[in-house]
>>> print(open('final_0.txt').read())   # compact mmCIF, C-alpha atoms and all ligand atoms
# COMPACT_ATOMS: atom_id res chain seq x y z
CA MET A 1 -10.07 -0.42 35.86
CA THR A 2 -12.39 -2.87 34.06
CA GLN A 3 -12.03 -2.84 30.30
CA ASP A 4 -14.88 -3.53 27.93
CA LYS A 5 -13.55 -6.43 25.87
CA THR A 6 -16.05 -6.14 23.05
CA CYS A 7 -15.57 -4.16 19.89
CA LYS A 8 -18.98 -2.50 19.85
CA THR A 9 -18.88 -2.13 16.12
CA CYS A 10 -18.11 -5.59 14.82
CA ASN A 11 -18.47 -7.87 17.84
CA ASP A 12 -15.72 -9.91 16.26
CA SER A 13 -13.63 -11.83 18.76
CA GLY A 14 -10.63 -11.46 16.42
CA CYS A 15 -10.92 -7.69 16.26
CA GLY A 16 -7.84 -5.93 17.58
CA ALA A 17 -10.12 -3.70 19.67
CA GLN A 18 -10.91 -6.63 22.00
CA ALA A 19 -7.63 -7.02 23.77
CA GLN A 20 -5.33 -4.63 25.51
CA ARG A 21 -1.76 -5.13 24.34
CA PRO A 22 1.00 -5.92 26.80
CA GLY A 23 2.33 -2.63 28.15
CA GLU A 24 -0.51 -0.60 26.59
CA ARG A 25 -1.86 2.02 28.97
CA ASP A 26 -5.63 2.15 29.59
CA GLU A 27 -5.92 5.48 27.86
CA GLU A 28 -3.95 4.27 24.83
CA PHE A 29 -6.14 1.18 24.67
CA ARG A 30 -9.34 3.27 24.75
CA GLU A 31 -8.00 5.50 21.98
CA ARG A 32 -7.05 2.49 19.88
CA GLN A 33 -10.49 0.97 20.46
CA ALA A 34 -12.13 4.22 19.34
CA LEU A 35 -10.06 4.24 16.15
CA LEU A 36 -10.62 0.56 15.43
CA SER A 37 -14.35 0.80 15.98
CA ARG A 38 -14.43 3.40 13.19
CA MET A 39 -12.07 1.45 10.96
CA CYS A 40 -13.83 -1.89 11.22
CA ARG A 41 -16.91 -0.45 9.51
CA ILE A 42 -14.79 -0.01 6.38
CA LYS A 43 -14.45 -3.08 4.18
CA HIS A 44 -11.27 -2.14 2.30
CA LYS A 45 -8.54 0.29 3.23
CA ILE A 46 -6.01 1.19 0.55
CA MET A 47 -3.04 3.39 1.36
CA VAL A 48 -1.51 5.46 -1.43
CA LEU A 49 2.20 6.04 -0.80
CA SER A 50 5.11 7.56 -2.66
CA GLY A 51 8.85 7.62 -2.06
CA LYS A 52 8.82 11.42 -2.38
CA GLY A 53 6.51 14.36 -2.99
CA GLY A 54 5.42 15.72 -6.33
CA VAL A 55 5.08 12.41 -8.19
CA GLY A 56 1.27 12.55 -8.38
CA LYS A 57 0.32 10.56 -5.26
CA SER A 58 -2.63 12.81 -4.40
CA THR A 59 -3.75 12.92 -8.02
CA VAL A 60 -3.76 9.11 -8.15
CA ALA A 61 -5.53 8.86 -4.76
CA ALA A 62 -8.24 11.34 -5.81
CA ASN A 63 -8.77 9.62 -9.16
CA LEU A 64 -8.81 6.17 -7.60
CA ALA A 65 -11.40 7.20 -4.99
CA THR A 66 -13.53 8.97 -7.61
CA ALA A 67 -13.35 5.98 -10.00
CA LEU A 68 -14.54 3.66 -7.23
CA ALA A 69 -17.38 6.04 -6.31
CA LEU A 70 -18.39 6.37 -9.98
CA ALA A 71 -18.59 2.57 -10.02
CA GLY A 72 -21.31 2.79 -7.38
CA LYS A 73 -19.24 2.13 -4.26
CA SER A 74 -19.38 4.11 -1.07
CA VAL A 75 -15.90 5.50 -0.75
CA GLY A 76 -13.94 7.64 1.65
CA LEU A 77 -10.91 9.69 0.66
CA LEU A 78 -8.70 10.60 3.59
CA ASP A 79 -5.94 13.12 2.99
CA VAL A 80 -3.47 12.90 5.82
CA ASP A 81 -0.54 14.43 3.94
CA ILE A 82 0.15 16.82 6.79
CA HIS A 83 2.69 19.02 4.97
CA GLY A 84 0.98 19.18 1.60
CA PRO A 85 -2.71 18.36 1.82
CA SER A 86 -3.86 18.81 -1.77
CA VAL A 87 -7.17 16.94 -1.81
CA PRO A 88 -9.31 20.03 -0.97
CA LYS A 89 -7.88 21.71 -4.07
CA LEU A 90 -8.09 18.62 -6.27
CA LEU A 91 -11.80 18.27 -5.44
CA HIS A 92 -12.60 21.96 -5.36
CA LEU A 93 -13.40 21.86 -1.65
CA GLU A 94 -11.05 24.53 -0.36
CA GLY A 95 -12.55 26.56 2.46
CA THR A 96 -15.41 24.10 3.00
CA PRO A 97 -16.64 24.51 6.61
CA ILE A 98 -16.30 21.36 8.67
CA SER A 99 -19.03 20.22 11.03
CA GLY A 100 -19.08 17.72 13.86
CA SER A 101 -19.58 17.43 17.58
CA ASP A 102 -17.38 16.33 20.48
CA ASN A 103 -14.74 13.91 19.25
CA THR A 104 -16.39 13.65 15.85
CA ILE A 105 -15.60 15.30 12.54
CA ASP A 106 -18.07 14.79 9.70
CA PRO A 107 -16.53 14.19 6.28
CA VAL A 108 -17.64 16.30 3.34
CA GLU A 109 -20.05 14.34 1.13
CA ILE A 110 -19.94 14.47 -2.66
CA THR A 111 -22.29 12.55 -4.94
CA CYS A 112 -20.34 10.83 -7.66
CA GLY A 113 -22.47 9.11 -10.30
CA ALA A 114 -24.15 6.19 -8.58
CA GLY A 115 -21.78 6.28 -5.66
CA ARG A 116 -20.91 8.40 -2.69
CA LEU A 117 -17.58 10.01 -1.96
CA SER A 118 -16.87 11.20 1.58
CA VAL A 119 -13.82 13.40 1.85
CA MET A 120 -11.73 14.50 4.79
CA SER A 121 -8.45 16.32 4.57
CA ILE A 122 -6.17 17.42 7.33
CA GLY A 123 -5.99 20.59 5.22
CA PHE A 124 -9.55 21.47 6.32
CA LEU A 125 -8.33 21.65 9.90
CA LEU A 126 -5.06 23.52 9.52
CA ARG A 127 -5.59 27.18 10.26
CA GLU A 128 -2.65 28.16 8.13
CA ARG A 129 -1.08 26.09 5.39
CA ASP A 130 2.24 26.25 7.25
CA ASP A 131 0.85 25.17 10.65
CA ALA A 132 2.18 21.63 10.38
CA VAL A 133 5.68 22.72 9.45
CA ILE A 134 6.35 24.01 12.96
CA TRP A 135 4.94 21.00 14.79
CA ARG A 136 7.46 18.69 16.35
CA GLY A 137 7.28 14.85 16.39
CA PRO A 138 4.89 14.13 19.31
CA ARG A 139 2.55 16.97 18.40
CA LYS A 140 2.38 15.75 14.81
CA PHE A 141 1.79 12.19 15.98
CA ASN A 142 -1.10 13.32 18.20
CA VAL A 143 -2.67 15.44 15.48
CA ILE A 144 -2.56 12.55 13.01
CA LYS A 145 -3.91 10.11 15.61
CA GLN A 146 -6.75 12.36 16.68
CA PHE A 147 -7.60 13.10 13.08
CA LEU A 148 -7.77 9.40 12.14
CA ARG A 149 -9.79 8.57 15.25
CA ASP A 150 -12.37 11.33 15.00
CA VAL A 151 -13.57 11.24 11.39
CA ALA A 152 -17.04 9.65 11.33
CA TRP A 153 -16.97 7.68 8.07
CA GLY A 154 -19.87 5.38 8.82
CA ASP A 155 -20.02 2.25 6.65
CA LEU A 156 -17.78 2.35 3.60
CA ASP A 157 -16.77 -0.10 0.89
CA TYR A 158 -13.40 1.60 0.42
CA LEU A 159 -11.23 4.10 2.22
CA VAL A 160 -8.43 5.50 0.08
CA ILE A 161 -5.75 7.10 2.22
CA ASP A 162 -3.49 9.76 0.75
CA SER A 163 -0.48 9.33 3.06
CA PRO A 164 2.41 11.69 3.69
CA PRO A 165 5.25 10.99 1.20
CA GLY A 166 8.48 9.18 2.03
CA THR A 167 9.31 6.60 4.65
CA GLY A 168 9.70 8.82 7.70
CA ASP A 169 7.75 9.21 10.92
CA GLU A 170 4.61 10.62 9.34
CA PRO A 171 3.75 7.78 6.93
CA LEU A 172 4.92 5.37 9.64
CA THR A 173 2.43 6.84 12.11
CA VAL A 174 -0.39 6.57 9.59
CA ALA A 175 0.49 3.00 8.57
CA GLN A 176 0.72 1.86 12.17
CA LEU A 177 -2.56 3.46 13.18
CA ILE A 178 -4.58 2.13 10.23
CA GLU A 179 -4.57 -1.49 11.31
CA GLY A 180 -5.70 -4.15 8.87
CA ALA A 181 -5.21 -2.13 5.69
CA ASP A 182 -5.52 -4.22 2.52
CA GLY A 183 -2.22 -2.80 1.39
CA ALA A 184 -0.42 0.03 -0.36
CA VAL A 185 -0.44 1.42 -3.87
CA ILE A 186 2.92 3.07 -4.49
CA VAL A 187 3.13 5.94 -6.97
CA THR A 188 6.36 6.81 -8.73
CA THR A 189 7.64 8.59 -11.81
CA PRO A 190 9.88 6.60 -14.19
CA GLN A 191 13.28 8.18 -13.52
CA GLU A 192 15.88 6.34 -11.45
CA VAL A 193 15.98 8.80 -8.52
CA ALA A 194 12.23 8.39 -7.94
CA VAL A 195 12.42 4.64 -8.46
CA GLN A 196 15.14 4.32 -5.82
CA ASP A 197 12.82 5.98 -3.33
CA VAL A 198 10.19 3.42 -4.20
CA ARG A 199 12.55 0.57 -3.35
CA ARG A 200 12.80 2.10 0.11
CA CYS A 201 9.02 2.47 0.19
CA ILE A 202 8.59 -1.25 -0.57
CA GLY A 203 11.07 -2.10 2.20
CA PHE A 204 9.04 0.14 4.51
CA CYS A 205 5.83 -1.75 3.65
CA ARG A 206 7.51 -5.12 4.14
CA GLN A 207 8.84 -4.05 7.50
CA LEU A 208 5.33 -3.11 8.58
CA GLY A 209 3.73 -6.23 7.14
CA LEU A 210 1.72 -4.02 4.80
CA PRO A 211 1.11 -5.86 1.50
CA VAL A 212 2.21 -3.96 -1.61
CA LEU A 213 -0.82 -3.98 -3.90
CA GLY A 214 1.28 -2.60 -6.71
CA VAL A 215 3.20 0.24 -8.31
CA VAL A 216 1.74 2.98 -10.53
CA GLU A 217 4.13 4.77 -12.87
CA ASN A 218 2.85 8.34 -13.24
CA MET A 219 4.08 10.98 -15.71
CA SER A 220 5.11 8.14 -17.97
CA GLY A 221 5.79 9.85 -21.29
CA PHE A 222 4.11 12.70 -23.09
CA THR A 223 2.42 12.51 -26.45
CA CYS A 224 3.30 15.61 -28.49
CA PRO A 225 -0.04 17.17 -29.50
CA LYS A 226 1.51 18.43 -32.77
CA CYS A 227 3.29 15.38 -34.18
CA GLY A 228 1.83 12.59 -32.01
CA GLU A 229 5.30 11.32 -31.03
CA MET A 230 5.65 9.87 -27.52
CA VAL A 231 8.42 11.69 -25.62
CA ARG A 232 9.77 9.87 -22.57
CA ILE A 233 10.59 12.93 -20.49
CA PHE A 234 11.45 11.02 -17.32
CA GLY A 235 12.91 7.91 -18.98
CA THR A 236 11.35 4.63 -19.95
CA ASP A 237 9.60 2.00 -17.89
CA GLY A 238 11.54 2.68 -14.65
CA GLY A 239 8.51 1.83 -12.50
CA ARG A 240 7.69 -1.32 -14.45
CA ARG A 241 11.26 -2.65 -14.30
CA MET A 242 11.58 -1.85 -10.63
CA ALA A 243 8.25 -3.60 -9.91
CA GLU A 244 9.54 -6.71 -11.72
CA GLU A 245 12.85 -6.57 -9.86
CA MET A 246 11.18 -6.17 -6.49
CA SER A 247 8.52 -8.77 -7.36
CA VAL A 248 5.55 -6.52 -6.73
CA PRO A 249 2.64 -6.11 -9.15
CA PHE A 250 2.86 -3.35 -11.76
CA LEU A 251 -0.56 -1.71 -11.90
CA GLY A 252 -0.05 0.53 -14.92
CA ALA A 253 1.34 3.75 -16.35
CA ILE A 254 -0.30 7.18 -16.55
CA PRO A 255 1.04 9.63 -19.16
CA ILE A 256 1.83 13.28 -18.58
CA GLU A 257 -1.28 15.14 -19.65
CA PRO A 258 -1.46 18.92 -19.33
CA GLU A 259 -5.19 18.53 -18.73
CA VAL A 260 -4.42 16.74 -15.43
CA VAL A 261 -2.98 19.97 -14.07
CA VAL A 262 -6.00 21.94 -15.27
CA SER A 263 -8.44 19.39 -13.86
CA GLY A 264 -6.49 19.31 -10.58
CA ASP A 265 -6.64 23.09 -10.36
CA SER A 266 -10.32 23.23 -11.24
CA GLY A 267 -11.33 20.51 -8.78
CA ALA A 268 -12.59 17.65 -10.95
CA PRO A 269 -10.49 14.48 -11.21
CA MET A 270 -9.86 13.33 -14.77
CA VAL A 271 -11.89 10.13 -14.39
CA GLN A 272 -14.91 12.38 -13.90
CA ALA A 273 -13.98 15.51 -15.87
CA ASN A 274 -12.82 13.70 -19.00
CA PRO A 275 -13.46 9.93 -18.95
CA HIS A 276 -12.02 9.63 -22.49
CA SER A 277 -8.66 11.14 -21.59
CA GLU A 278 -5.57 8.93 -21.54
CA THR A 279 -5.29 9.49 -17.79
CA ALA A 280 -8.86 8.37 -17.14
CA LYS A 281 -8.38 5.29 -19.32
CA ALA A 282 -5.12 4.48 -17.55
CA MET A 283 -6.82 4.91 -14.15
CA GLY A 284 -9.61 2.57 -15.28
CA ARG A 285 -7.03 -0.08 -16.19
CA ILE A 286 -5.27 0.39 -12.84
CA VAL A 287 -8.51 -0.03 -10.91
CA ARG A 288 -9.27 -3.21 -12.88
CA VAL A 289 -5.79 -4.65 -12.30
CA LEU A 290 -6.01 -3.69 -8.63
CA LEU A 291 -9.48 -4.92 -7.88
CA GLY A 292 -10.34 -7.38 -10.62
CA PRO A 293 -12.39 -6.82 -13.80
CA GLU A 294 -15.56 -6.66 -11.71
CA LEU A 295 -15.06 -4.34 -8.78
CA GLY A 296 -17.03 -6.85 -6.74
CA GLN A 297 -14.10 -9.24 -6.92
CA ALA A 298 -12.32 -6.94 -4.52
CA ASP A 299 -13.93 -8.82 -1.68
CA ALA A 300 -11.66 -11.73 -2.49
CA GLN A 301 -8.66 -9.46 -2.49
CA PRO A 302 -5.49 -9.19 -0.51
CA ALA A 303 -4.65 -10.82 2.74
CA LYS A 304 -4.55 -8.75 5.89
CA SER A 305 -1.31 -7.78 7.47
CA GLY A 306 -0.10 -9.74 10.43
CA ARG A 307 -0.86 -13.03 8.71
CA PRO A 308 1.37 -16.04 9.40
CA MET A 309 3.59 -16.77 6.43
CA LYS A 310 5.97 -19.43 5.26
CA ILE A 311 9.09 -18.32 3.43
CA ALA A 312 10.86 -20.70 1.05
CA VAL A 313 14.52 -20.31 0.05
CA PRO A 314 16.22 -22.68 -2.43
CA VAL A 315 19.53 -23.96 -1.06
CA THR A 316 22.45 -26.04 -2.28
CA GLY A 317 25.11 -27.13 0.17
CA GLY A 318 23.37 -25.02 2.83
CA ALA A 319 23.79 -21.77 0.82
CA LEU A 320 21.33 -19.85 -1.38
CA SER A 321 21.06 -21.64 -4.70
CA SER A 322 21.57 -19.39 -7.70
CA HIS A 323 18.64 -20.96 -9.55
CA PHE A 324 15.57 -22.07 -7.64
CA GLY A 325 14.94 -24.95 -10.06
CA HIS A 326 18.35 -26.57 -9.57
CA CYS A 327 18.57 -26.49 -5.81
CA GLU A 328 19.14 -29.52 -3.58
CA GLN A 329 16.68 -28.51 -0.91
CA PHE A 330 14.28 -25.80 0.20
CA LEU A 331 14.58 -24.05 3.52
CA LEU A 332 11.02 -23.42 4.72
CA VAL A 333 10.59 -21.03 7.62
CA ASP A 334 7.34 -20.11 9.40
CA VAL A 335 7.31 -16.42 10.24
CA ASP A 336 4.90 -13.92 11.73
CA LEU A 337 5.02 -10.69 9.81
CA GLN A 338 3.47 -8.56 12.52
CA ASP A 339 5.57 -9.82 15.41
CA LYS A 340 8.61 -10.29 13.13
CA THR A 341 9.26 -13.64 14.73
CA VAL A 342 10.67 -16.76 13.15
CA GLY A 343 9.03 -20.09 13.98
CA ARG A 344 9.50 -23.64 12.68
CA ARG A 345 12.40 -24.21 10.27
CA GLN A 346 12.50 -27.17 7.89
CA LEU A 347 14.88 -28.35 5.17
CA LEU A 348 12.96 -30.34 2.60
CA THR A 349 14.09 -32.10 -0.58
CA PRO A 350 11.81 -31.18 -3.49
CA PRO A 351 10.62 -33.52 -6.24
CA ALA A 352 12.65 -33.63 -9.48
CA HIS A 353 12.61 -30.36 -11.40
CA GLU A 354 9.89 -30.39 -14.08
CA PRO A 355 8.13 -27.31 -15.36
CA GLY A 356 5.30 -26.38 -13.03
CA VAL A 357 6.13 -28.95 -10.35
CA LEU A 358 7.94 -26.76 -7.82
CA PRO A 359 5.30 -23.99 -7.54
CA GLN A 360 2.68 -26.65 -6.92
CA TRP A 361 4.86 -28.54 -4.44
CA LEU A 362 5.78 -25.40 -2.51
CA HIS A 363 2.13 -24.35 -2.47
CA GLY A 364 1.34 -27.77 -0.98
CA GLN A 365 3.99 -27.12 1.70
CA GLY A 366 2.16 -23.90 2.62
CA ALA A 367 4.80 -21.49 1.23
CA THR A 368 3.54 -17.93 0.78
CA VAL A 369 6.81 -16.26 -0.27
CA ILE A 370 9.83 -17.52 -2.18
CA ILE A 371 13.12 -15.65 -1.97
CA ALA A 372 15.44 -16.56 -4.84
CA GLY A 373 18.37 -15.26 -6.86
CA GLY A 374 16.76 -15.75 -10.23
CA MET A 375 13.73 -17.23 -11.93
CA GLY A 376 12.22 -17.28 -15.42
CA SER A 377 9.06 -15.33 -16.11
CA ARG A 378 6.95 -18.48 -16.68
CA ALA A 379 7.85 -19.84 -13.23
CA GLN A 380 7.17 -16.43 -11.68
CA SER A 381 3.69 -16.41 -13.14
CA LEU A 382 3.06 -20.01 -11.92
CA PHE A 383 4.07 -19.00 -8.40
CA GLY A 384 1.75 -16.01 -8.71
CA GLN A 385 -1.12 -18.29 -9.71
CA HIS A 386 -0.52 -20.29 -6.53
CA GLY A 387 -0.63 -17.10 -4.46
CA ILE A 388 3.10 -17.25 -3.67
CA GLU A 389 4.90 -13.90 -3.64
CA VAL A 390 8.22 -14.07 -5.52
CA VAL A 391 11.18 -12.02 -4.31
CA LEU A 392 14.06 -12.11 -6.80
CA GLY A 393 17.61 -10.87 -7.00
CA ALA A 394 18.61 -12.08 -3.51
CA SER A 395 22.28 -12.84 -2.98
CA GLY A 396 24.56 -14.09 -0.21
CA ASP A 397 25.22 -17.50 1.27
CA ASP A 398 23.14 -17.58 4.41
CA PRO A 399 19.47 -18.38 3.68
CA ASP A 400 18.41 -17.74 7.30
CA ARG A 401 19.89 -14.26 7.08
CA LEU A 402 17.82 -13.59 3.94
CA VAL A 403 14.66 -14.58 5.82
CA ARG A 404 15.58 -12.32 8.73
CA GLU A 405 16.35 -9.40 6.40
CA PHE A 406 13.06 -9.91 4.54
CA LEU A 407 11.20 -9.81 7.85
CA ASP A 408 13.00 -6.65 8.92
CA GLY A 409 12.42 -5.00 5.54
CA ARG A 410 16.20 -4.86 5.01
CA LEU A 411 16.51 -7.39 2.21
CA VAL A 412 18.47 -5.83 -0.62
CA THR A 413 17.69 -7.33 -4.01
CA GLY A 414 19.49 -6.85 -7.29
CA ALA A 415 18.51 -7.88 -10.78
CA ASN A 416 16.84 -11.19 -11.52
CA ILE A 417 20.06 -13.12 -12.11
CA CYS A 418 18.59 -15.92 -14.15
CA ASP A 419 15.73 -14.84 -16.33
CA HIS A 420 15.02 -17.77 -18.62
P1 LIG B 1 2.04 14.47 -4.79
O1 LIG B 1 0.76 14.13 -4.06
O2 LIG B 1 2.88 13.25 -5.08
O3 LIG B 1 2.83 15.54 -4.13
P2 LIG B 1 0.30 15.72 -6.76
O4 LIG B 1 -0.73 14.68 -7.03
O5 LIG B 1 -0.07 16.86 -5.88
O6 LIG B 1 1.65 15.04 -6.24
O7 LIG B 1 0.82 16.24 -8.19
C1 LIG B 1 1.82 17.22 -8.30
C2 LIG B 1 1.53 18.07 -9.53
O8 LIG B 1 1.69 17.28 -10.69
C3 LIG B 1 0.11 18.61 -9.56
O9 LIG B 1 0.14 19.91 -10.09
C4 LIG B 1 -0.61 17.68 -10.52
O10 LIG B 1 -1.71 18.30 -11.21
C5 LIG B 1 0.50 17.32 -11.50
N1 LIG B 1 0.32 15.97 -12.09
C6 LIG B 1 0.16 14.80 -11.44
N2 LIG B 1 0.03 13.78 -12.33
C7 LIG B 1 0.13 14.32 -13.56
C8 LIG B 1 0.07 13.80 -14.89
N3 LIG B 1 -0.10 12.50 -15.12
N4 LIG B 1 0.19 14.67 -15.92
C9 LIG B 1 0.38 16.00 -15.70
N5 LIG B 1 0.44 16.55 -14.48
C10 LIG B 1 0.32 15.73 -13.40
>>> encode(input="final_0.txt", output="structure tokens")
Amino acid sequence: MTQDKTCKTCNDSGCGAQAQRPGERDEEFRERQALLSRMCRIKHKIMVLSGKGGVGKSTVAANLATALALAGKSVGLLDVDIHGPSVPKLLHLEGTPISGSDNTIDPVEITCGAGRLSVMSIGFLLRERDDAVIWRGPRKFNVIKQFLRDVAWGDLDYLVIDSPPGTGDEPLTVAQLIEGADGAVIVTTPQEVAVQDVRRCIGFCRQLGLPVLGVVENMSGFTCPKCGEMVRIFGTDGGRRMAEEMSVPFLGAIPIEPEVVVSGDSGAPMVQANPHSETAKAMGRIVRVLLGPELGQADAQPAKSGRPMKIAVPVTGGALSSHFGHCEQFLLVDVDLQDKTVGRRQLLTPPAHEPGVLPQWLHGQGATVIIAGGMGSRAQSLFGQHGIEVVLGASGDDPDRLVREFLDGRLVTGANICDH
């Protein structure tokens, strides 16, 4: 059978819809093309993930999408949390009839200030709330695939995707099908059990080559309305510390606010219902950290997945050096995140250690990630300014093994062992 090699939507020769993958059946290729031709009309795709349910993922996704729409952007909010689709409730859209024609589902349109919010939830399509619970793996996969493929978003600035929680088959299916996502925002609560799940979530993203845009700590303390004292119900700063440890950006903290529950139940996200609330202010800060002070800067934002990368590991005597600044050499390895392949490997001797020299030198060598045992905060920020992702708390002797584990999303990191 002759395949049409052109993505009808973007006509881009680099678009994944152009080429059939080795081993991909014709029908699979056509389905992937159909999905990609919808997705490539969307400038930015942001996945909202959480290590487990109940931490406020859908609340953050709904507020993020609404904040972007209020800022004048055309935004889609896709709720694909198959076991707990809460977006219809959060936006007061329960029972909304869905229209469409063959192979097309029209999203529900809401006007939001100067912007437009298009909403689609798998909850609109489930006959009974418990439908999904009885579906087995392949059926679930097909429902998610068909759902992603058939929603007619049109042209959007942003698509915010409320993913199923955890790191199992369902979020995996979504992440694999949404090719070219800008990255993931991971929502957690501050206590250790939730934070541990987030570590797994970050490993999951790394394994998929999905950039982590940052971590949001939700339910971060409660201000007593009587005495004004801040009570840390779920502990202190767990999300922030974990983000530092795992070298991913911390986007901000949202307090527990009883009004969030009320606004969620009444169908108006806090950023719209009460822009002066602590939650709305925190969301505003998160959007600014995520997308730059001017939302327009988002166009210069994160790299796509599947990009070639160069990983740097400081070594002394062939083993991981405990401090990156005092190493003898750097192992530099070219890797492909999508294919998980390792390419050229070099051992280079760096210039003498002076503040600021190594980030610049490694940037000049093309490094995009540094894996180290420890590093001071000043050096971390210099690497960040050069666009180099810092992964700290690595241990073990074999630097090649660390690279392999990073690629496979299996790299276990501990504390930053040398924070000065
Ligand atoms: P998830 O999508 O992670 O399962 P939800 O967004 O559905 O979580 O939130 C679970 C419950 O917690 C909802 O009732 C929601 O209103 C409430 N909630 C979420 N964030 C907050 C917050 N910051 N303060 C108070 N309640 C919150």
>>> residues_near_ligand(input="final_0.txt", ligand="ligand LIG 1 (chain B)", cutoff="10 Å", atoms="only C-alpha atoms and all ligand atoms", output="ChimeraX atom specification")
/A:48-63,79,81,83-87,89-90,162-166,187-189,217-222,253-266,269-270,278-280,282
>>> atom_distance(input="final_0.txt", atom1="CA of Pro314 (chain A)", atom2="CA of Gly239 (chain A)")
27.6 Å
>>> residues_around(input="final_0.txt", residues="Ala34 (chain A)", least_positions_apart="5", cutoff="9 Å", atoms="all atoms listed in the file", output="PyMOL selection string")
chain A and resi 17+29+39+149-150
>>> residues_around(input="final_0.txt", residues="Leu177 (chain A)", least_positions_apart="5", cutoff="9 Å", atoms="all atoms listed in the file", output="list in words")
Arg32, Leu35, Leu36, Lys145, Leu148 and Leu172 of chain A
>>> residues_around(input="final_0.txt", residues="region 367-374 of chain A", least_positions_apart="4", cutoff="9 Å", atoms="all atoms listed in the file", output="compact mmCIF listing (two decimals) with C-alpha atoms, in the coordinates of the input")
# COMPACT_ATOMS: atom_id res chain seq x y z
CA MET A 309 3.59 -16.77 6.43
CA LYS A 310 5.97 -19.43 5.26
CA ILE A 311 9.09 -18.32 3.43
CA ALA A 312 10.86 -20.70 1.05
CA VAL A 313 14.52 -20.31 0.05
CA PRO A 314 16.22 -22.68 -2.43
CA LEU A 320 21.33 -19.85 -1.38
CA SER A 321 21.06 -21.64 -4.70
CA SER A 322 21.57 -19.39 -7.70
CA HIS A 323 18.64 -20.96 -9.55
CA PHE A 324 15.57 -22.07 -7.64
CA LEU A 332 11.02 -23.42 4.72
CA VAL A 333 10.59 -21.03 7.62
CA ASP A 334 7.34 -20.11 9.40
CA LEU A 362 5.78 -25.40 -2.51
CA HIS A 363 2.13 -24.35 -2.47
CA PHE A 383 4.07 -19.00 -8.40
CA HIS A 386 -0.52 -20.29 -6.53
CA GLY A 387 -0.63 -17.10 -4.46
CA ILE A 388 3.10 -17.25 -3.67
CA GLU A 389 4.90 -13.90 -3.64
CA VAL A 390 8.22 -14.07 -5.52
CA VAL A 391 11.18 -12.02 -4.31
CA LEU A 392 14.06 -12.11 -6.80
CA GLY A 393 17.61 -10.87 -7.00
CA ALA A 394 18.61 -12.08 -3.51
CA SER A 395 22.28 -12.84 -2.98
CA PRO A 399 19.47 -18.38 3.68
CA LEU A 402 17.82 -13.59 3.94
CA VAL A 403 14.66 -14.58 5.82
CA PHE A 406 13.06 -9.91 4.54
CA THR A 413 17.69 -7.33 -4.01
CA GLY A 414 19.49 -6.85 -7.29
CA ALA A 415 18.51 -7.88 -10.78
CA ASN A 416 16.84 -11.19 -11.52
CA ILE A 417 20.06 -13.12 -12.11
CA CYS A 418 18.59 -15.92 -14.15
CA ASP A 419 15.73 -14.84 -16.33
CA HIS A 420 15.02 -17.77 -18.62
>>> atom_distance(input="final_0.txt", atom1="CA of Gly343 (chain A)", atom2="CA of Arg404 (chain A)")
11.4 Å
>>> closest_residue(input="final_0.txt", among="A:Leu125, A:Met120, A:Val80, A:Leu156", to="Thr173 (chain A)", atoms="all atoms listed in the file")
A:Val80
>>> build_atoms(input="final_0.txt", residues="region 165-174 of chain A", atoms="N, CA and C atoms", output="CSV table (one decimal), in the coordinates of the input")
chain,number,residue,atom,x,y,z
A,165,PRO,N,4.2,11.7,2.0
A,165,PRO,CA,5.2,11.0,1.2
A,165,PRO,C,6.4,10.5,2.0
A,166,GLY,N,7.2,9.6,1.4
A,166,GLY,CA,8.5,9.2,2.0
A,166,GLY,C,8.3,8.0,3.0
A,167,THR,N,9.3,7.8,3.8
A,167,THR,CA,9.3,6.6,4.6
A,167,THR,C,9.7,7.0,6.1
A,168,GLY,N,9.4,8.3,6.4
A,168,GLY,CA,9.7,8.8,7.7
A,168,GLY,C,8.6,8.6,8.7
A,169,ASP,N,8.7,9.4,9.8
A,169,ASP,CA,7.8,9.2,10.9
A,169,ASP,C,6.3,9.4,10.6
A,170,GLU,N,6.0,10.3,9.6
A,170,GLU,CA,4.6,10.6,9.3
A,170,GLU,C,3.9,9.5,8.6
A,171,PRO,N,4.4,9.0,7.5
A,171,PRO,CA,3.8,7.8,6.9
A,171,PRO,C,3.8,6.6,7.9
A,172,LEU,N,4.8,6.5,8.7
A,172,LEU,CA,4.9,5.4,9.6
A,172,LEU,C,3.8,5.4,10.6
A,173,THR,N,3.5,6.7,11.2
A,173,THR,CA,2.4,6.8,12.1
A,173,THR,C,1.1,6.4,11.5
A,174,VAL,N,0.9,6.9,10.3
A,174,VAL,CA,-0.4,6.6,9.6
A,174,VAL,C,-0.5,5.1,9.4
